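Raw contents of data-v4.csv, CSV, C-alpha atoms:
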```csv
chain,number,residue,atom,x,y,z
Y,1,MET,CA,39.2,-24.7,-31.5
Y,2,SER,CA,40.0,-22.1,-28.9
Y,3,ASP,CA,38.3,-18.8,-29.3
Y,4,THR,CA,40.9,-16.8,-27.2
Y,5,PRO,CA,44.7,-16.7,-27.4
Y,6,ALA,CA,46.6,-18.5,-24.7
Y,7,PHE,CA,47.7,-15.3,-22.9
Y,8,VAL,CA,49.7,-15.3,-19.7
Y,9,GLN,CA,50.7,-12.2,-17.8
Y,10,ARG,CA,54.5,-11.7,-18.0
Y,11,ILE,CA,57.0,-8.9,-18.2
Y,12,PRO,CA,58.6,-9.1,-21.6
Y,13,ASP,CA,62.4,-8.8,-22.0
Y,14,GLY,CA,63.5,-5.2,-21.8
Y,15,GLU,CA,60.2,-4.0,-20.4
Y,16,ASP,CA,59.1,-3.0,-16.9
Y,17,ARG,CA,55.5,-4.0,-16.7
Y,18,LEU,CA,53.2,-7.0,-17.1
Y,19,ARG,CA,51.7,-7.6,-20.5
Y,20,ASP,CA,49.5,-10.3,-21.9
Y,21,VAL,CA,51.9,-12.6,-23.8
Y,22,CYS,CA,50.9,-15.6,-25.8
Y,23,ASP,CA,52.8,-18.7,-24.5
Y,24,THR,CA,52.5,-20.4,-27.8
Y,25,CYS,CA,53.7,-17.8,-30.3
Y,26,GLY,CA,55.2,-15.1,-28.1
Y,27,PHE,CA,52.8,-12.4,-29.4
Y,28,ILE,CA,52.6,-9.5,-27.0
Y,29,ASN,CA,49.1,-8.0,-26.7
Y,30,TYR,CA,49.9,-4.3,-26.1
Y,31,VAL,CA,46.8,-2.5,-24.8
Y,32,ASN,CA,46.8,1.2,-25.2
Y,33,PRO,CA,44.6,4.1,-24.2
Y,34,LYS,CA,41.8,4.9,-26.6
Y,35,ILE,CA,41.2,8.3,-28.2
Y,36,VAL,CA,37.8,10.1,-28.2
Y,37,VAL,CA,37.5,12.9,-30.8
Y,38,GLY,CA,34.7,15.5,-30.5
Y,39,SER,CA,33.9,19.1,-30.9
Y,40,VAL,CA,32.1,22.2,-29.7
Y,41,VAL,CA,30.2,23.1,-32.9
Y,42,THR,CA,28.8,26.5,-33.2
Y,43,TRP,CA,26.2,28.2,-35.5
Y,44,GLU,CA,26.1,31.9,-34.7
Y,45,ASP,CA,25.6,32.1,-30.9
Y,46,ARG,CA,24.3,28.5,-30.7
Y,47,ILE,CA,26.1,25.2,-29.8
Y,48,LEU,CA,25.2,21.8,-31.2
Y,49,PHE,CA,24.0,19.2,-28.7
Y,50,CYS,CA,22.9,15.5,-29.1
Y,51,ARG,CA,20.7,13.6,-26.8
Y,52,ARG,CA,22.1,10.1,-26.4
Y,53,ALA,CA,20.1,7.2,-27.8
Y,54,ILE,CA,22.5,4.6,-26.3
Y,55,GLU,CA,24.1,3.7,-23.0
Y,56,PRO,CA,26.1,4.9,-21.1
Y,57,ARG,CA,24.0,8.0,-20.1
Y,58,LYS,CA,21.1,7.3,-22.5
Y,59,GLY,CA,18.8,10.3,-22.6
Y,60,PHE,CA,21.4,12.8,-21.5
Y,61,TRP,CA,22.8,15.5,-23.6
Y,62,THR,CA,26.3,15.4,-25.0
Y,63,LEU,CA,28.6,17.0,-27.6
Y,64,PRO,CA,29.2,15.1,-30.9
Y,65,ALA,CA,32.2,12.8,-30.0
Y,66,GLY,CA,33.3,9.2,-30.3
Y,67,PHE,CA,36.1,6.8,-30.7
Y,68,MET,CA,38.7,7.8,-33.3
Y,69,GLU,CA,39.1,5.2,-36.1
Y,70,GLU,CA,42.2,3.8,-37.8
Y,71,ALA,CA,43.7,5.7,-40.8
Y,72,GLU,CA,42.0,9.0,-40.1
Y,73,THR,CA,43.3,12.2,-38.6
Y,74,ALA,CA,41.9,13.4,-35.3
Y,75,GLU,CA,40.2,16.3,-37.0
Y,76,GLU,CA,38.7,14.0,-39.6
Y,77,GLY,CA,37.4,11.8,-36.8
Y,78,ALA,CA,35.8,14.7,-35.0
Y,79,ALA,CA,34.1,15.7,-38.2
Y,80,ARG,CA,32.9,12.2,-38.9
Y,81,GLU,CA,31.4,11.9,-35.4
Y,82,ALA,CA,29.4,15.1,-36.0
Y,83,MET,CA,28.1,13.7,-39.2
Y,84,GLU,CA,27.2,10.3,-37.7
Y,85,GLU,CA,25.6,11.7,-34.5
Y,86,ALA,CA,23.9,14.9,-35.8
Y,87,CYS,CA,24.1,14.6,-39.6
Y,88,ALA,CA,26.1,17.8,-39.3
Y,89,HIS,CA,28.6,19.1,-41.8
Y,90,ILE,CA,31.3,20.9,-39.8
Y,91,GLU,CA,34.6,22.6,-40.3
Y,92,ILE,CA,37.2,22.1,-37.7
Y,93,GLU,CA,38.8,25.4,-36.4
Y,94,GLY,CA,41.3,24.3,-33.8
Y,95,LEU,CA,42.0,22.1,-30.8
Y,96,LEU,CA,40.2,23.3,-27.7
Y,97,ALA,CA,41.2,20.8,-25.1
Y,98,CYS,CA,43.0,17.5,-24.4
Y,99,TYR,CA,41.6,15.6,-21.4
Y,100,SER,CA,42.9,12.4,-19.9
Y,101,VAL,CA,40.6,10.0,-18.1
Y,102,PRO,CA,43.1,7.4,-16.7
Y,103,ARG,CA,40.4,5.4,-14.9
Y,104,ILE,CA,39.1,4.2,-18.3
Y,105,SER,CA,42.4,4.8,-20.1
Y,106,GLN,CA,41.0,7.4,-22.5
Y,107,VAL,CA,42.3,10.6,-24.0
Y,108,GLN,CA,39.7,13.1,-25.3
Y,109,LEU,CA,40.6,15.6,-28.0
Y,110,MET,CA,37.9,18.3,-28.2
Y,111,TYR,CA,38.0,20.7,-31.1
Y,112,ARG,CA,36.3,24.0,-31.9
Y,113,ALA,CA,34.3,23.7,-35.1
Y,114,ARG,CA,31.6,25.6,-36.9
Y,115,LEU,CA,28.5,24.3,-38.7
Y,116,VAL,CA,28.9,24.8,-42.5
Y,117,ASP,CA,25.0,25.0,-42.7
Y,118,PRO,CA,22.4,24.7,-40.0
Y,119,VAL,CA,20.9,21.4,-41.3
Y,120,ILE,CA,21.1,18.9,-38.5
Y,121,ALA,CA,19.2,15.7,-37.7
Y,122,PRO,CA,19.6,12.8,-35.2
Y,123,GLY,CA,21.9,10.0,-36.3
Y,124,PRO,CA,21.4,6.4,-35.0
Y,125,GLU,CA,23.1,7.2,-31.7
Y,126,SER,CA,21.0,10.3,-31.0
Y,127,THR,CA,17.3,10.6,-30.2
Y,128,GLU,CA,17.3,14.4,-30.7
Y,129,VAL,CA,19.7,17.1,-31.8
Y,130,ALA,CA,19.5,20.8,-31.0
Y,131,LEU,CA,21.3,24.2,-31.5
Y,132,LEU,CA,21.2,25.8,-28.0
Y,133,THR,CA,22.2,29.2,-26.8
Y,134,TRP,CA,24.4,29.3,-23.7
Y,135,ASP,CA,21.3,30.1,-21.5
Y,136,GLU,CA,19.4,27.1,-22.9
Y,137,ILE,CA,22.1,24.5,-22.0
Y,138,PRO,CA,20.5,21.8,-19.8
Y,139,TRP,CA,23.3,21.6,-17.2
Y,140,SER,CA,21.6,19.0,-15.0
Y,141,GLU,CA,21.2,16.7,-18.0
Y,142,ILE,CA,24.7,16.7,-19.4
Y,143,ALA,CA,26.1,13.2,-20.0
Y,144,PHE,CA,29.7,13.4,-18.9
Y,145,PRO,CA,31.9,15.7,-16.8
Y,146,SER,CA,34.2,16.3,-19.7
Y,147,VAL,CA,31.3,17.7,-21.7
Y,148,LYS,CA,30.9,20.4,-19.0
Y,149,TRP,CA,34.6,21.0,-19.0
Y,150,ALA,CA,34.6,21.5,-22.8
Y,151,LEU,CA,31.7,23.9,-22.6
Y,152,GLU,CA,33.3,25.9,-19.8
Y,153,HIS,CA,36.6,26.0,-21.6
Y,154,PHE,CA,35.0,27.0,-24.8
Y,155,ALA,CA,33.3,29.9,-23.0
Y,156,ARG,CA,36.6,31.0,-21.6
Y,157,TRP,CA,38.3,30.7,-25.0
Y,158,ARG,CA,35.5,32.7,-26.6
Y,159,ASP,CA,35.6,35.4,-23.9
Y,160,GLY,CA,39.3,35.7,-24.4
Y,161,THR,CA,40.0,35.0,-20.7
Y,162,ALA,CA,42.2,32.0,-21.5
Y,163,THR,CA,43.9,30.4,-24.4
Y,164,ALA,CA,43.5,26.9,-25.7
Y,165,PRO,CA,44.4,24.1,-25.3
Y,166,PHE,CA,42.9,23.3,-21.9
Y,167,ALA,CA,43.7,20.2,-19.9
Y,168,ASN,CA,41.7,18.5,-17.1
Y,169,PRO,CA,40.5,21.0,-14.5
Y,170,PRO,CA,41.8,20.8,-10.9
Y,171,GLY,CA,40.4,17.6,-9.3
Y,172,GLY,CA,39.3,16.4,-12.7
Y,173,VAL,CA,41.7,13.4,-13.1
Y,174,TYR,CA,39.6,10.3,-12.4
Y,175,ARG,CA,41.8,7.4,-11.3
Z,176,MET,CA,45.6,-25.3,-29.0
Z,177,SER,CA,45.1,-22.3,-31.3
Z,178,ASP,CA,47.2,-19.3,-30.7
Z,179,THR,CA,44.9,-16.8,-32.4
Z,180,PRO,CA,41.1,-16.1,-32.1
Z,181,ALA,CA,38.9,-17.3,-34.9
Z,182,PHE,CA,38.4,-13.8,-36.3
Z,183,VAL,CA,36.4,-13.1,-39.5
Z,184,GLN,CA,35.9,-9.7,-41.1
Z,185,ARG,CA,32.3,-8.6,-40.8
Z,186,ILE,CA,30.3,-5.4,-40.3
Z,187,PRO,CA,28.7,-5.7,-36.8
Z,188,ASP,CA,25.0,-4.8,-36.4
Z,189,GLY,CA,24.5,-1.0,-36.2
Z,190,GLU,CA,28.0,-0.2,-37.5
Z,191,ASP,CA,29.3,0.9,-40.9
Z,192,ARG,CA,32.7,-0.7,-41.3
Z,193,LEU,CA,34.5,-4.1,-41.2
Z,194,ARG,CA,35.7,-5.3,-37.9
Z,195,ASP,CA,37.5,-8.5,-36.8
Z,196,VAL,CA,34.7,-10.5,-35.1
Z,197,CYS,CA,35.2,-13.9,-33.4
Z,198,ASP,CA,32.8,-16.4,-35.1
Z,199,THR,CA,32.7,-18.5,-31.9
Z,200,CYS,CA,31.9,-16.0,-29.2
Z,201,GLY,CA,30.9,-12.8,-31.0
Z,202,PHE,CA,33.8,-10.7,-29.5
Z,203,ILE,CA,34.5,-7.6,-31.6
Z,204,ASN,CA,38.2,-6.8,-31.8
Z,205,TYR,CA,38.1,-3.0,-32.1
Z,206,VAL,CA,41.5,-1.6,-33.2
Z,207,ASN,CA,42.1,2.0,-32.4
Z,208,PRO,CA,44.8,4.5,-33.1
Z,209,LYS,CA,47.7,4.6,-30.7
Z,210,ILE,CA,48.9,7.6,-28.8
Z,211,VAL,CA,52.5,8.8,-28.6
Z,212,VAL,CA,53.3,11.2,-25.8
Z,213,GLY,CA,56.5,13.3,-25.8
Z,214,SER,CA,58.0,16.6,-25.1
Z,215,VAL,CA,60.3,19.4,-26.0
Z,216,VAL,CA,62.3,19.7,-22.8
Z,217,THR,CA,64.3,22.8,-22.1
Z,218,TRP,CA,67.1,23.7,-19.7
Z,219,GLU,CA,67.9,27.4,-20.1
Z,220,ASP,CA,68.4,27.9,-23.9
Z,221,ARG,CA,69.0,24.2,-24.5
Z,222,ILE,CA,66.8,21.3,-25.7
Z,223,LEU,CA,67.0,17.7,-24.6
Z,224,PHE,CA,67.7,15.2,-27.3
Z,225,CYS,CA,68.1,11.4,-27.3
Z,226,ARG,CA,70.0,9.3,-29.8
Z,227,ARG,CA,68.0,6.2,-30.6
Z,228,ALA,CA,69.4,2.8,-29.5
Z,229,ILE,CA,66.6,0.9,-31.2
Z,230,GLU,CA,64.9,0.6,-34.6
Z,231,PRO,CA,63.2,2.3,-36.3
Z,232,ARG,CA,65.8,5.0,-37.1
Z,233,LYS,CA,68.5,3.6,-34.8
Z,234,GLY,CA,71.3,6.1,-34.4
Z,235,PHE,CA,69.2,9.2,-35.2
Z,236,TRP,CA,68.3,11.9,-32.8
Z,237,THR,CA,64.8,12.3,-31.4
Z,238,LEU,CA,62.8,14.0,-28.6
Z,239,PRO,CA,61.9,11.9,-25.6
Z,240,ALA,CA,58.6,10.3,-26.6
Z,241,GLY,CA,56.8,6.9,-26.7
Z,242,PHE,CA,53.6,5.0,-26.4
Z,243,MET,CA,51.2,6.2,-23.8
Z,244,GLU,CA,50.3,3.4,-21.3
Z,245,GLU,CA,47.0,2.5,-19.7
Z,246,ALA,CA,45.9,4.3,-16.5
Z,247,GLU,CA,48.1,7.3,-16.8
Z,248,THR,CA,47.4,10.9,-18.0
Z,249,ALA,CA,49.0,12.1,-21.3
Z,250,GLU,CA,51.2,14.5,-19.2
Z,251,GLU,CA,52.3,11.6,-16.9
Z,252,GLY,CA,53.1,9.5,-19.9
Z,253,ALA,CA,55.3,12.3,-21.4
Z,254,ALA,CA,57.1,12.7,-18.1
Z,255,ARG,CA,57.6,8.9,-17.8
Z,256,GLU,CA,59.1,8.7,-21.3
Z,257,ALA,CA,61.6,11.5,-20.5
Z,258,MET,CA,62.6,9.5,-17.4
Z,259,GLU,CA,62.9,6.2,-19.3
Z,260,GLU,CA,64.8,7.5,-22.3
Z,261,ALA,CA,67.0,10.2,-20.7
Z,262,CYS,CA,66.7,9.7,-16.9
Z,263,ALA,CA,65.3,13.2,-17.0
Z,264,HIS,CA,63.1,14.6,-14.3
Z,265,ILE,CA,60.8,17.1,-16.1
Z,266,GLU,CA,57.8,19.3,-15.4
Z,267,ILE,CA,55.2,19.6,-18.0
Z,268,GLU,CA,54.2,23.2,-18.9
Z,269,GLY,CA,51.5,22.8,-21.6
Z,270,LEU,CA,50.5,21.1,-24.8
Z,271,LEU,CA,52.6,22.2,-27.8
Z,272,ALA,CA,51.1,20.2,-30.6
Z,273,CYS,CA,48.8,17.3,-31.6
Z,274,TYR,CA,49.9,15.5,-34.8
Z,275,SER,CA,48.0,12.8,-36.6
Z,276,VAL,CA,49.8,10.1,-38.6
Z,277,PRO,CA,46.9,8.2,-40.3
Z,278,ARG,CA,49.2,5.9,-42.3
Z,279,ILE,CA,50.3,4.3,-39.1
Z,280,SER,CA,47.1,5.3,-37.1
Z,281,GLN,CA,49.0,7.3,-34.6
Z,282,VAL,CA,48.3,10.5,-32.7
Z,283,GLN,CA,51.2,12.3,-31.2
Z,284,LEU,CA,50.8,14.7,-28.2
Z,285,MET,CA,53.9,16.8,-27.8
Z,286,TYR,CA,54.2,18.9,-24.7
Z,287,ARG,CA,56.4,21.8,-23.6
Z,288,ALA,CA,58.4,20.9,-20.5
Z,289,ARG,CA,61.4,22.0,-18.5
Z,290,LEU,CA,64.1,20.0,-16.8
Z,291,VAL,CA,63.8,20.2,-13.1
Z,292,ASP,CA,67.6,19.7,-12.8
Z,293,PRO,CA,70.2,19.2,-15.6
Z,294,VAL,CA,71.0,15.6,-14.6
Z,295,ILE,CA,70.4,13.4,-17.7
Z,296,ALA,CA,71.8,10.0,-18.8
Z,297,PRO,CA,70.9,7.5,-21.6
Z,298,GLY,CA,68.1,5.0,-20.7
Z,299,PRO,CA,67.9,1.6,-22.4
Z,300,GLU,CA,66.4,3.0,-25.6
Z,301,SER,CA,69.1,5.7,-26.0
Z,302,THR,CA,72.8,5.5,-26.7
Z,303,GLU,CA,73.4,9.1,-25.9
Z,304,VAL,CA,71.5,12.1,-24.6
Z,305,ALA,CA,72.4,15.8,-25.0
Z,306,LEU,CA,71.3,19.3,-24.2
Z,307,LEU,CA,71.7,21.2,-27.4
Z,308,THR,CA,71.3,24.9,-28.3
Z,309,TRP,CA,69.2,25.6,-31.4
Z,310,ASP,CA,72.4,26.1,-33.5
Z,311,GLU,CA,73.7,22.7,-32.4
Z,312,ILE,CA,70.6,20.7,-33.6
Z,313,PRO,CA,71.8,18.0,-36.0
Z,314,TRP,CA,68.9,18.6,-38.6
Z,315,SER,CA,70.2,15.9,-41.0
Z,316,GLU,CA,70.2,13.3,-38.3
Z,317,ILE,CA,66.7,13.8,-36.9
Z,318,ALA,CA,64.7,10.6,-36.6
Z,319,PHE,CA,61.2,11.5,-37.7
Z,320,PRO,CA,59.4,14.4,-39.5
Z,321,SER,CA,57.2,15.1,-36.5
Z,322,VAL,CA,60.4,15.7,-34.4
Z,323,LYS,CA,61.3,18.5,-36.8
Z,324,TRP,CA,57.7,19.8,-36.7
Z,325,ALA,CA,57.7,19.9,-32.9
Z,326,LEU,CA,61.1,21.8,-32.9
Z,327,GLU,CA,59.9,24.3,-35.5
Z,328,HIS,CA,56.6,24.8,-33.7
Z,329,PHE,CA,58.3,25.2,-30.4
Z,330,ALA,CA,60.5,27.9,-31.9
Z,331,ARG,CA,57.5,29.7,-33.2
Z,332,TRP,CA,55.8,29.4,-29.8
Z,333,ARG,CA,58.9,30.7,-28.0
Z,334,ASP,CA,59.3,33.6,-30.5
Z,335,GLY,CA,55.6,34.5,-29.9
Z,336,THR,CA,54.9,34.3,-33.6
Z,337,ALA,CA,52.2,31.7,-33.2
Z,338,THR,CA,50.2,30.2,-30.4
Z,339,ALA,CA,50.0,26.5,-29.4
Z,340,PRO,CA,48.6,24.0,-30.1
Z,341,PHE,CA,49.9,23.3,-33.5
Z,342,ALA,CA,48.6,20.5,-35.8
Z,343,ASN,CA,50.2,18.8,-38.8
Z,344,PRO,CA,51.9,21.3,-41.2
Z,345,PRO,CA,50.6,21.6,-44.8
Z,346,GLY,CA,51.5,18.5,-46.7
Z,347,GLY,CA,52.3,16.7,-43.4
Z,348,VAL,CA,49.4,14.2,-43.3
Z,349,TYR,CA,51.0,10.9,-44.4
Z,350,ARG,CA,48.3,8.5,-45.7
```
Here is the file; what I need is its structure written in the form of structure tokens.
Amino acid sequence: MSDTPAFVQRIPDGEDRLRDVCDTCGFINYVNPKIVVGSVVTWEDRILFCRRAIEPRKGFWTLPAGFMEEAETAEEGAAREAMEEACAHIEIEGLLACYSVPRISQVQLMYRARLVDPVIAPGPESTEVALLTWDEIPWSEIAFPSVKWALEHFARWRDGTATAPFANPPGGVYR
Amino acid sequence: MSDTPAFVQRIPDGEDRLRDVCDTCGFINYVNPKIVVGSVVTWEDRILFCRRAIEPRKGFWTLPAGFMEEAETAEEGAAREAMEEACAHIEIEGLLACYSVPRISQVQLMYRARLVDPVIAPGPESTEVALLTWDEIPWSEIAFPSVKWALEHFARWRDGTATAPFANPPGGVYR
């Protein structure tokens, strides 16, 4: 018994690019970008951070975010991730930014959200969670560029110097 | 020769939901929502429409949109779809709306864009393309609810009565 389909690379009829096609049954294995949903979660003047318990970037700080699942809305996914990673009950307020990371075929939808109550605790993917003021943000220990973008865009949104949604900053499209 | 992997449904270690897992090699087949990228494309006071040559909703009018591909940004995908469906060269201006359709596990990113020149023609997936004024829009022949949402949201954005991005309207989350 084979454990993988008998895929070959071929351009299907009516298309313009190579796909993995099964030579036996004709099944076309469309591979699509993946969606990450997350949020900048506030409690008064503080922002919710999680220290990563897992690779990549274990030990670094991030915003609650993760892969969107089937049969949920993007907003529900962002709220689910905050619950999973920080045991945080949040309310989504609006879309802050939509970033593309073509090198890893990812789209990141980052929302603004508020904590419904300040009860937080690390979930299985976090070693530590914290509510930090802007001055307390550990900029040298941030896990991913897009976490910095989201924080900077959130600050500009909050200051009223720009309106959401934001996209990748100049030079921020990794190919 | 088998044409499908030997998948069983199981909750992987450290997870909380059923996944298709290969009993032979342990491969986990994560299935994620798909991203549709499209745009409301304007030329002066007209909007670009395409009449669908393919199912679903063959013969109905839609906005240029389609599945995002790997290794492109969302904006590039929206521009590619306008070229494929309407031979239209467009310039993306900003994100108009982000809709979730959980029933079919889809996220739709709809951009505002402008035609660089008014040269349009039907691509393989369109039987007809048109630049229509607001009063000419064939509302009873629109292909999908989210096309109507995007048009209505675009009108509110253009009137200055609301700011982008928009999300699903009330009652508009199909489960």
Report the closest atom pair, with its distance in Å rounded to one decimal, for each residue of region 227-320 of chain Z that has an atom no farther than 12 Å from region 5-21 of chain Y; count only C-alpha atoms, sort by chain and then rising residue number, and write it as JSON lines.
```
{"residue": "Z:Ile229", "atom": "CA", "partner": "Y:Gly14", "partner_atom": "CA", "distance": 11.6}
{"residue": "Z:Glu244", "atom": "CA", "partner": "Y:Arg17", "partner_atom": "CA", "distance": 10.1}
{"residue": "Z:Glu245", "atom": "CA", "partner": "Y:Arg17", "partner_atom": "CA", "distance": 11.1}
{"residue": "Z:Glu259", "atom": "CA", "partner": "Y:Asp16", "partner_atom": "CA", "distance": 10.2}
{"residue": "Z:Gly298", "atom": "CA", "partner": "Y:Gly14", "partner_atom": "CA", "distance": 11.2}
{"residue": "Z:Pro299", "atom": "CA", "partner": "Y:Gly14", "partner_atom": "CA", "distance": 8.1}
{"residue": "Z:Glu300", "atom": "CA", "partner": "Y:Gly14", "partner_atom": "CA", "distance": 9.5}
```
Inset, instruction - Name the residues in contact with Ala130 (chain Y) at a cut-off of 12 Å, using only C-alpha atoms, excluding same-chain residues fewer than 3 positions from it; report them as a list of chain:residue names. - result: Y:Val41, Y:Thr42, Y:Trp43, Y:Arg46, Y:Ile47, Y:Leu48, Y:Phe49, Y:Cys50, Y:Arg51, Y:Arg52, Y:Trp61, Y:Thr62, Y:Leu63, Y:Pro64, Y:Glu85, Y:Ala86, Y:Cys87, Y:Ala88, Y:Pro118, Y:Val119, Y:Ile120, Y:Ala121, Y:Pro122, Y:Ser126, Y:Thr127, Y:Thr133, Y:Glu136, Y:Ile137, Y:Pro138
Go through region 177-257 of chain Z and flag each residue having an atom no more than 9 Å from region 24-33 of chain Y; for those, report the closest pair of atoms plus their distance in Å to one decimal, using all atoms listed in the file, ordered by chain and rising number, as JSON lines.
```
{"residue": "Z:Ser177", "atom": "CA", "partner": "Y:Thr24", "partner_atom": "CA", "distance": 8.4}
{"residue": "Z:Asp178", "atom": "CA", "partner": "Y:Thr24", "partner_atom": "CA", "distance": 6.1}
{"residue": "Z:Asn207", "atom": "CA", "partner": "Y:Asn32", "partner_atom": "CA", "distance": 8.6}
{"residue": "Z:Pro208", "atom": "CA", "partner": "Y:Asn32", "partner_atom": "CA", "distance": 8.8}
{"residue": "Z:Lys209", "atom": "CA", "partner": "Y:Asn32", "partner_atom": "CA", "distance": 6.5}
{"residue": "Z:Ile210", "atom": "CA", "partner": "Y:Pro33", "partner_atom": "CA", "distance": 7.2}
{"residue": "Z:Phe242", "atom": "CA", "partner": "Y:Asn32", "partner_atom": "CA", "distance": 7.9}
{"residue": "Z:Met243", "atom": "CA", "partner": "Y:Asn32", "partner_atom": "CA", "distance": 6.8}
{"residue": "Z:Glu244", "atom": "CA", "partner": "Y:Asn32", "partner_atom": "CA", "distance": 5.7}
{"residue": "Z:Glu245", "atom": "CA", "partner": "Y:Pro33", "partner_atom": "CA", "distance": 5.3}
{"residue": "Z:Ala246", "atom": "CA", "partner": "Y:Pro33", "partner_atom": "CA", "distance": 7.8}
{"residue": "Z:Glu247", "atom": "CA", "partner": "Y:Pro33", "partner_atom": "CA", "distance": 8.8}
```
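Interatomic distance, CA of Ser105 (chain Y) against CA of Gly66 (chain Y): 14.4 Å.
Of note, CA of Pro231 (chain Z) and CA of Met285 (chain Z) are spaced 19.2 Å apart.
If you measure from each of Y:Ala113, Y:Ala74, Y:Ile92, Y:Ala97 to chain Z using only C-alpha atoms, the closest one turns out to be Y:Ala74.
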When you write region 321-336 of chain Z out from the block above, keep C-alpha atoms and present the result as a PDB file, in the first residue's frame, please.
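That gives us decode19.pdb:
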```pdb
ATOM      1  CA  SER Z 321     -20.320  38.964  -1.312  1.00  0.00           C
ATOM      2  CA  VAL Z 322     -20.207  40.735  -4.699  1.00  0.00           C
ATOM      3  CA  LYS Z 323     -23.227  42.783  -3.585  1.00  0.00           C
ATOM      4  CA  TRP Z 324     -21.587  43.422  -0.207  1.00  0.00           C
ATOM      5  CA  ALA Z 325     -18.407  44.653  -1.860  1.00  0.00           C
ATOM      6  CA  LEU Z 326     -20.337  46.990  -4.161  1.00  0.00           C
ATOM      7  CA  GLU Z 327     -22.424  48.389  -1.291  1.00  0.00           C
ATOM      8  CA  HIS Z 328     -19.359  48.766   0.911  1.00  0.00           C
ATOM      9  CA  PHE Z 329     -17.487  50.442  -1.931  1.00  0.00           C
ATOM     10  CA  ALA Z 330     -20.351  52.949  -2.328  1.00  0.00           C
ATOM     11  CA  ARG Z 331     -20.255  53.720   1.415  1.00  0.00           C
ATOM     12  CA  TRP Z 332     -16.492  54.135   1.282  1.00  0.00           C
ATOM     13  CA  ARG Z 333     -16.729  56.425  -1.765  1.00  0.00           C
ATOM     14  CA  ASP Z 334     -19.529  58.485  -0.178  1.00  0.00           C
ATOM     15  CA  GLY Z 335     -17.372  58.890   2.925  1.00  0.00           C
ATOM     16  CA  THR Z 336     -20.157  57.454   5.122  1.00  0.00           C
TER      17      THR Z 336
END
```
